[in-house]
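S.K.: What follows is a structure written as structure tokens; I'll ask about it next.
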Amino acid sequence: MNDRISIDHRVMGGVPCIAGTRIPVATVIGLLGQGYDVAEVLAEYPTLTKDDILAGLRFAARAVDERELPLRMSA
């Protein structure tokens, strides 16, 4: 796990957040997906750093790279 991302059941019910904040990674990634640039995200959330945003992107990339393949049952 990355030291900039925390998953703690006591914070936001265990939703992955930027460490030391209650800002979900999904919120940051969602803003980027809506077309915000890094400077705009930082303006919206001044407690974040560029490195926090990059860590969120890396976390999201790893999350979508995980795959579960169904087992094929032979007849």
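Residue numbers start at 1 in each chain; chains themselves are named A, B, ... in the order of the structure tokens; ligands are numbered from 1 in the order shown.
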Would you list the contacts of range 22-36 of chain A as a ChimeraX atom specification, taking every protein, DNA or RNA residue within 7 Å and counting only C-alpha atoms, but skipping same-chain residues closer than 6 positions in sequence?
M.R.: /A:11-12,15-16,53,56-57
S.K.: DSSP on the backbone, strand (DSSP E or B) only: what residues of chain A does that give? Format it as a PyMOL selection string.
M.R.: chain A and resi 5-6+17-18+24
S.K.: Can I get the selection written as a PDB file, in the first residue's frame, with C-alpha atoms?
M.R.:
ATOM      1  CA  ILE A   5      -3.482   6.441   0.574  1.00  0.00           C
ATOM      2  CA  SER A   6      -5.229   5.108   3.645  1.00  0.00           C
ATOM      3  CA  CYS A  17      -8.775   8.284   1.104  1.00  0.00           C
ATOM      4  CA  ILE A  18      -5.784  10.534   0.742  1.00  0.00           C
ATOM      5  CA  PRO A  24     -11.780   9.918  -1.038  1.00  0.00           C
TER       6      PRO A  24
END
S.K.: Between CA of Asp65 in chain A and CA of Glu44 in chain A, measure the distance and give it in Å to one decimal.
M.R.: 28.2 Å
